[in-house]
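The next block is work33.tsv, given as TSV, C-alpha atoms.
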chain	number	residue	atom	x	y	z
A	42	MET	CA	5.50	-173.84	58.66
A	43	ASP	CA	6.62	-171.78	61.67
A	44	ALA	CA	7.59	-174.82	63.74
A	45	SER	CA	11.27	-175.58	64.27
A	46	ALA	CA	12.75	-178.23	62.00
A	47	THR	CA	13.90	-181.59	63.33
A	48	TYR	CA	17.67	-182.00	63.22
A	49	LEU	CA	19.83	-185.02	62.52
A	50	GLN	CA	23.21	-185.30	64.17
A	51	VAL	CA	26.01	-187.71	63.31
A	52	GLY	CA	29.14	-186.77	65.22
A	53	PHE	CA	29.99	-183.19	64.37
A	54	ILE	CA	27.56	-183.17	61.41
A	55	LEU	CA	24.29	-181.40	62.23
A	56	ILE	CA	21.67	-180.96	59.52
A	57	SER	CA	17.94	-180.30	59.47
A	58	VAL	CA	15.70	-182.99	58.02
A	59	PRO	CA	14.38	-180.69	55.22
A	60	ASN	CA	17.93	-179.85	54.13
A	61	ALA	CA	18.93	-183.51	54.27
A	62	LEU	CA	15.91	-184.44	52.14
A	63	VAL	CA	16.85	-181.83	49.50
A	64	ILE	CA	20.41	-183.15	49.31
A	65	VAL	CA	19.23	-186.79	49.07
A	66	GLY	CA	16.76	-185.74	46.34
A	67	MET	CA	19.56	-184.03	44.40
A	68	ILE	CA	21.76	-187.13	44.59
A	69	VAL	CA	18.84	-189.27	43.36
A	70	LEU	CA	18.21	-186.80	40.54
A	71	LEU	CA	21.88	-186.89	39.47
A	72	ILE	CA	21.92	-190.68	39.39
A	73	ALA	CA	18.61	-190.74	37.49
A	74	ALA	CA	19.97	-188.22	34.96
A	75	VAL	CA	22.97	-190.44	34.29
A	76	LEU	CA	20.95	-193.65	33.94
A	77	ALA	CA	17.69	-192.49	32.33
A	78	PRO	CA	17.55	-192.72	28.52
A	79	PHE	CA	17.39	-189.41	26.69
A	80	PRO	CA	14.33	-189.13	24.39
A	81	GLY	CA	15.01	-189.06	20.65
A	82	HIS	CA	18.60	-190.06	21.19
A	83	HIS	CA	19.62	-192.28	18.29
A	84	ARG	CA	23.18	-192.94	17.25
A	85	VAL	CA	23.85	-191.70	13.75
A	86	GLN	CA	26.90	-193.05	12.02
A	87	ASP	CA	28.21	-189.74	10.70
A	88	ASP	CA	27.50	-187.91	13.98
A	89	ASP	CA	30.38	-189.40	15.84
A	90	ASP	CA	33.60	-187.53	16.38
A	91	GLN	CA	33.10	-185.10	13.55
A	92	PRO	CA	35.31	-182.06	13.90
A	93	ASP	CA	33.29	-178.94	14.68
B	248	MET	CA	22.57	-157.31	-4.50
B	249	THR	CA	25.43	-158.88	-6.37
B	250	SER	CA	25.95	-159.70	-10.03
B	251	GLN	CA	27.83	-162.55	-11.65
B	252	THR	CA	30.52	-160.22	-12.96
B	253	ASP	CA	31.17	-158.73	-9.54
B	254	PRO	CA	31.32	-161.52	-6.97
B	255	PRO	CA	31.33	-160.49	-3.29
B	256	GLU	CA	34.54	-160.69	-1.36
B	257	PRO	CA	34.82	-163.77	0.82
B	258	ALA	CA	34.34	-163.01	4.52
B	259	THR	CA	37.76	-164.37	5.36
B	260	GLN	CA	39.40	-162.00	2.92
B	261	LYS	CA	37.48	-159.07	4.43
B	262	ALA	CA	38.56	-160.05	7.90
B	263	GLU	CA	42.22	-159.83	6.96
B	264	THR	CA	41.98	-156.17	6.01
B	265	GLY	CA	42.44	-153.39	8.54
B	266	SER	CA	45.03	-153.07	11.26
B	267	ASN	CA	43.20	-151.12	13.96
B	268	TRP	CA	41.82	-152.63	17.19
B	269	THR	CA	38.29	-152.87	15.80
B	270	ALA	CA	39.52	-155.13	13.00
B	271	ALA	CA	41.63	-157.12	15.45
B	272	ILE	CA	38.59	-157.74	17.66
B	273	ARG	CA	36.53	-158.69	14.61
B	274	ARG	CA	39.16	-161.17	13.45
B	275	ALA	CA	39.45	-162.66	16.93
B	276	VAL	CA	35.67	-163.09	17.25
B	277	GLU	CA	35.37	-164.57	13.75
B	278	HIS	CA	38.20	-166.96	14.50
B	279	ARG	CA	37.12	-168.07	18.00
B	280	LEU	CA	33.35	-167.92	17.69
B	281	PRO	CA	32.07	-168.52	14.16
B	282	TRP	CA	28.28	-168.63	13.72
B	283	ASP	CA	28.29	-172.43	13.47
B	284	ASN	CA	29.72	-172.59	16.99
B	285	LEU	CA	27.61	-169.76	18.40
B	286	LEU	CA	24.28	-171.19	17.22
B	287	PRO	CA	24.84	-174.89	16.53
B	288	ASP	CA	21.92	-176.98	15.30
B	289	ARG	CA	23.64	-180.31	16.02
B	290	GLN	CA	25.56	-181.60	18.99
B	291	PRO	CA	27.89	-184.59	19.39
B	292	PHE	CA	26.31	-187.94	20.25
B	293	PHE	CA	27.45	-187.90	23.88
B	294	VAL	CA	25.50	-184.68	24.63
B	295	GLY	CA	22.27	-186.74	24.49
B	296	SER	CA	22.05	-187.16	28.28
B	297	TRP	CA	19.92	-185.60	31.00
B	298	VAL	CA	23.11	-184.50	32.78
B	299	TYR	CA	23.54	-181.79	30.15
B	300	VAL	CA	20.07	-180.42	30.92
B	301	PHE	CA	20.99	-179.20	34.42
B	302	GLY	CA	22.85	-176.11	33.19
B	303	VAL	CA	19.96	-175.08	30.94
B	304	VAL	CA	17.46	-175.51	33.79
B	305	ALA	CA	19.68	-173.36	36.01
B	306	ILE	CA	19.72	-170.62	33.35
B	307	THR	CA	15.94	-170.90	32.98
B	308	SER	CA	15.59	-170.48	36.74
B	309	LEU	CA	17.84	-167.42	36.54
B	310	VAL	CA	15.52	-165.91	33.91
B	311	TRP	CA	12.56	-166.41	36.27
B	312	VAL	CA	14.54	-164.96	39.18
B	313	ILE	CA	15.42	-161.83	37.24
B	314	GLY	CA	11.92	-161.44	35.74
B	315	SER	CA	10.16	-161.74	39.10
B	316	GLY	CA	12.85	-159.59	40.72
B	317	VAL	CA	12.20	-156.76	38.25
B	318	VAL	CA	8.49	-156.84	39.18
B	319	LEU	CA	9.31	-156.84	42.92
B	320	ALA	CA	11.70	-153.91	42.47
B	321	PHE	CA	8.96	-151.87	40.81
B	322	PHE	CA	6.34	-152.34	43.54
B	323	GLY	CA	8.42	-152.60	46.73
B	324	PRO	CA	8.16	-154.34	50.14
B	325	SER	CA	4.77	-152.90	51.05
B	326	TRP	CA	3.38	-154.68	47.99
B	327	TRP	CA	5.17	-158.03	48.16
B	328	HIS	CA	4.30	-158.53	51.86
B	329	VAL	CA	0.68	-157.33	51.80
B	330	SER	CA	-1.14	-157.99	48.51
B	331	GLY	CA	-2.01	-161.45	47.28
B	332	ILE	CA	-0.37	-161.00	43.89
B	333	GLY	CA	2.65	-159.45	45.59
B	334	ARG	CA	3.08	-162.51	47.78
B	335	PHE	CA	2.68	-164.72	44.71
B	336	VAL	CA	5.44	-162.90	42.78
B	337	ASN	CA	7.59	-162.90	45.91
B	338	SER	CA	7.12	-166.67	46.16
B	339	ILE	CA	8.02	-167.12	42.48
B	340	HIS	CA	11.21	-165.14	43.16
B	341	PHE	CA	12.05	-167.24	46.23
B	342	TRP	CA	11.34	-170.66	44.73
B	343	SER	CA	13.09	-169.79	41.45
B	344	VAL	CA	16.19	-169.09	43.53
B	345	GLN	CA	15.85	-172.47	45.24
B	346	LEU	CA	15.62	-174.18	41.84
B	347	LEU	CA	18.54	-172.11	40.54
B	348	PHE	CA	20.79	-173.32	43.34
B	349	VAL	CA	19.60	-176.94	43.18
B	350	PHE	CA	20.27	-177.17	39.45
B	351	ALA	CA	23.46	-175.09	39.58
B	352	VAL	CA	24.85	-177.56	42.13
B	353	LEU	CA	23.65	-180.54	40.04
B	354	HIS	CA	25.35	-178.93	37.02
B	355	LEU	CA	28.51	-178.51	39.12
B	356	TRP	CA	28.41	-182.15	40.26
B	357	GLY	CA	27.86	-183.39	36.72
B	358	GLN	CA	30.71	-181.33	35.30
B	359	TYR	CA	32.99	-182.24	38.21
B	360	PHE	CA	32.57	-185.97	37.64
B	361	MET	CA	33.14	-185.45	33.89
B	362	ALA	CA	36.26	-183.37	34.65
B	363	SER	CA	34.96	-180.70	32.31
B	364	TRP	CA	38.01	-178.49	32.75
B	365	ARG	CA	39.94	-180.78	30.38
B	366	ASP	CA	41.24	-179.81	26.93
B	367	GLY	CA	41.63	-176.07	27.47
B	368	ARG	CA	38.39	-175.50	29.36
B	369	ALA	CA	39.93	-174.42	32.69
B	370	THR	CA	38.74	-170.82	32.35
B	371	THR	CA	35.19	-172.04	31.67
B	372	TRP	CA	35.34	-173.99	34.93
B	373	VAL	CA	36.77	-170.99	36.84
B	374	VAL	CA	34.08	-168.65	35.50
B	375	GLY	CA	31.48	-171.19	36.64
B	376	VAL	CA	32.96	-171.15	40.14
B	377	VAL	CA	32.92	-167.34	40.20
B	378	ILE	CA	29.25	-167.39	39.08
B	379	PHE	CA	28.44	-169.75	41.93
B	380	LEU	CA	30.19	-167.52	44.50
B	381	ALA	CA	28.51	-164.38	43.12
B	382	ALA	CA	25.15	-166.18	43.25
B	383	LEU	CA	25.77	-167.06	46.91
B	384	VAL	CA	26.36	-163.40	47.77
B	385	THR	CA	23.28	-162.46	45.74
B	386	GLY	CA	21.22	-164.99	47.69
B	387	PHE	CA	22.59	-163.64	50.99
B	388	THR	CA	21.74	-160.03	50.14
B	389	GLY	CA	18.34	-161.23	48.92
B	390	TYR	CA	17.56	-162.84	52.27
B	391	ILE	CA	18.42	-159.53	53.98
B	392	ALA	CA	16.34	-157.56	51.46
B	393	GLN	CA	13.17	-159.48	52.33
B	394	GLN	CA	12.17	-156.84	54.93
B	395	ASN	CA	10.80	-159.30	57.49
B	396	LEU	CA	11.90	-160.90	60.76
B	397	ASP	CA	14.05	-163.46	58.93
B	398	ALA	CA	15.92	-160.64	57.22
B	399	GLN	CA	16.54	-158.79	60.50
B	400	TRP	CA	17.72	-161.96	62.23
B	401	ILE	CA	20.11	-162.85	59.38
B	402	ALA	CA	21.48	-159.29	59.13
B	403	VAL	CA	22.10	-158.91	62.86
B	404	ASN	CA	23.84	-162.27	63.12
B	405	ALA	CA	25.81	-161.88	59.89
B	406	LYS	CA	27.27	-158.49	60.80
B	407	ASP	CA	29.61	-160.03	63.38
B	408	ALA	CA	30.94	-162.60	60.92
B	409	ILE	CA	31.42	-159.98	58.23
B	410	ASN	CA	33.10	-157.60	60.70
B	411	ALA	CA	35.45	-160.43	61.63
B	412	THR	CA	36.56	-160.70	57.99
B	413	GLY	CA	37.35	-156.99	57.88
B	414	ALA	CA	34.78	-156.34	55.16
B	415	GLY	CA	32.30	-154.76	57.57
B	416	ALA	CA	33.70	-151.29	56.92
B	417	PHE	CA	32.26	-151.22	53.41
B	418	PHE	CA	29.71	-154.07	53.46
B	419	ASN	CA	27.18	-153.62	56.26
B	420	PRO	CA	24.27	-156.10	56.39
B	421	LEU	CA	22.37	-153.71	58.68
B	422	ASP	CA	22.39	-151.01	55.96
B	423	PHE	CA	19.27	-151.95	54.02
B	424	GLY	CA	19.84	-149.33	51.32
B	425	GLN	CA	23.32	-150.63	50.58
B	426	ILE	CA	22.33	-154.29	50.64
B	427	TYR	CA	19.20	-153.72	48.55
B	428	GLY	CA	21.12	-151.70	45.94
B	429	ILE	CA	23.77	-154.39	45.66
B	430	HIS	CA	21.10	-157.09	45.44
B	431	VAL	CA	18.93	-155.54	42.74
B	432	MET	CA	21.60	-153.84	40.61
B	433	LEU	CA	25.25	-154.80	41.03
B	434	LEU	CA	25.06	-158.55	41.59
B	435	PRO	CA	22.30	-159.43	39.08
B	436	ILE	CA	24.18	-157.60	36.32
B	437	GLY	CA	27.42	-159.29	37.36
B	438	VAL	CA	25.89	-162.78	37.47
B	439	THR	CA	24.11	-162.27	34.13
B	440	VAL	CA	27.27	-161.05	32.38
B	441	LEU	CA	29.25	-163.97	33.78
B	442	VAL	CA	26.57	-166.48	32.73
B	443	VAL	CA	26.62	-165.07	29.17
B	444	LEU	CA	30.43	-165.33	29.18
B	445	HIS	CA	30.19	-168.91	30.53
B	446	VAL	CA	27.81	-169.95	27.73
B	447	LEU	CA	30.01	-168.27	25.09
B	448	GLN	CA	33.03	-170.15	26.46
B	449	VAL	CA	31.13	-173.43	26.13
B	450	ARG	CA	30.14	-172.50	22.57
B	451	MET	CA	33.73	-171.55	21.67
B	452	ARG	CA	35.31	-174.81	22.79
B	453	GLY	CA	32.33	-177.17	22.50
B	454	VAL	CA	31.20	-179.68	25.10
B	455	VAL	CA	34.02	-181.73	26.58
B	456	LYS	CA	34.24	-185.32	25.39
B	457	PRO	CA	33.47	-188.06	27.93
B	458	ILE	CA	36.37	-189.76	29.63
B	459	GLU	CA	37.12	-192.95	27.70
B	460	PRO	CA	37.18	-195.85	30.20
B	461	ASP	CA	39.06	-198.13	27.80
B	462	ALA	CA	41.49	-195.60	26.43
B	463	PRO	CA	44.84	-197.32	25.82
B	464	LYS	CA	47.63	-196.05	28.01
B	465	PRO	CA	51.19	-195.56	26.79
B	466	GLY	CA	53.11	-198.74	27.41
B	467	ASP	CA	50.05	-201.03	27.26
B	468	ALA	CA	50.97	-204.27	25.45
B	469	ALA	CA	47.59	-204.50	23.71
B	470	THR	CA	47.64	-201.06	22.07
B	471	PRO	CA	47.37	-201.11	18.27
B	472	SER	CA	50.55	-199.05	17.89
B	473	SER	CA	52.59	-201.48	19.94
B	474	ALA	CA	51.06	-204.50	18.16
B	475	THR	CA	52.26	-203.40	14.74

Please lay out the structure from this file as structure tokens.
Amino acid sequence: MDASATYLQVGFILISVPNALVIVGMIVLLIAAVLAPFPGHHRVQDDDDQPD
Amino acid sequence: MTSQTDPPEPATQKAETGSNWTAAIRRAVEHRLPWDNLLPDRQPFFVGSWVYVFGVVAITSLVWVIGSGVVLAFFGPSWWHVSGIGRFVNSIHFWSVQLLFVFAVLHLWGQYFMASWRDGRATTWVVGVVIFLAALVTGFTGYIAQQNLDAQWIAVNAKDAINATGAGAFFNPLDFGQIYGIHVMLLPIGVTVLVVLHVLQVRMRGVVKPIEPDAPKPGDAATPSSAT
């Protein structure tokens, strides 16, 4: 835990591997949230576009 | 208790009476935030998506941050660095903050790609941005308030940057008392109030509708209005 992190460098972009992994994980999570079906989500005819 | 011969006044009729500022506030609240909007038991069809869960998870993380922070404030640095339970609560505080930022940013990404500032929701978006900035400052003061080598290193290096902005005269990272007070009192209250306001704004205007990919544009030949 006390060891220095490994860094990735692409041009002027410098980022540690742990930080890069967190960001990649967040992107994967966002894509999964968009694509994954939501449990108990059934379209009901009178649910749509009802004024609040 | 009411009788059939003496029906109660409708709420709307009551709200119209009175001309002082109390009545004006009551009318405004009743108009903008009726109970059905404040505590809805149904949501539109498009809200059934995991993307809408990110904001709730961020708020849940904030509850854990504040709860663990209250415990840490009671017992102090000598407890959270030395005792086993103190380290455990300190870790809960730290990792709750990590989750708060991860899910706050996911919430931001989700709302950005949905353009959630549409249809009169610009102030909701702006309040969200202010919450994010306030949370960043809270996280910064929290790192300094750790009372360890990390905190000293961050404070010593940050002072030059803050001095360069001109804010160093009244915001000194090397002043533990000032930073700790801001971290445990001023910023948590500010963030909490803004989060409550943010949720109320969402409840007032409802969740923004998704962008329709096939929405007819004015001038399109195939639009129903132009076909008739």

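In this structure, atom CA of A:Leu55 sits 24.8 Å away from atom CA of A:Ile72.
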
Using only C-alpha atoms, I'd like a table of the residues in chain B that come within 7 Å of chain A; for each, show the closest atom pair and its distance in Å rounded to one decimal, ordered by chain and ascending number, as a Markdown table.
| residue | atom | partner | partner_atom | distance |
| --- | --- | --- | --- | --- |
| B:Pro291 | CA | A:Asp88 | CA | 6.4 |
| B:Phe292 | CA | A:Asp89 | CA | 6.2 |
| B:Gly295 | CA | A:His82 | CA | 5.9 |
| B:Ser296 | CA | A:Phe79 | CA | 5.4 |
| B:Trp297 | CA | A:Ala74 | CA | 4.7 |
| B:Val298 | CA | A:Ala74 | CA | 5.3 |
| B:Leu353 | CA | A:Leu71 | CA | 6.6 |

Test item: residues at most 9 Å from B:Ile306, all atoms listed in the file, excluding those fewer than 6 positions along its chain, as a JSON list (two decimals) with C-alpha atoms, in the coordinates of the input:
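Full text of selection-v4.json as output:
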[["chain", "number", "residue", "atom", "x", "y", "z"],
["B", 347, "LEU", "CA", 18.54, -172.11, 40.54],
["B", 350, "PHE", "CA", 20.27, -177.17, 39.45],
["B", 351, "ALA", "CA", 23.46, -175.09, 39.58],
["B", 442, "VAL", "CA", 26.57, -166.48, 32.73]]

Task: Point-to-point distance from atom CA of A:Val58 to atom CA of B:Gln394, Å rounded to tenths - done: 26.6 Å
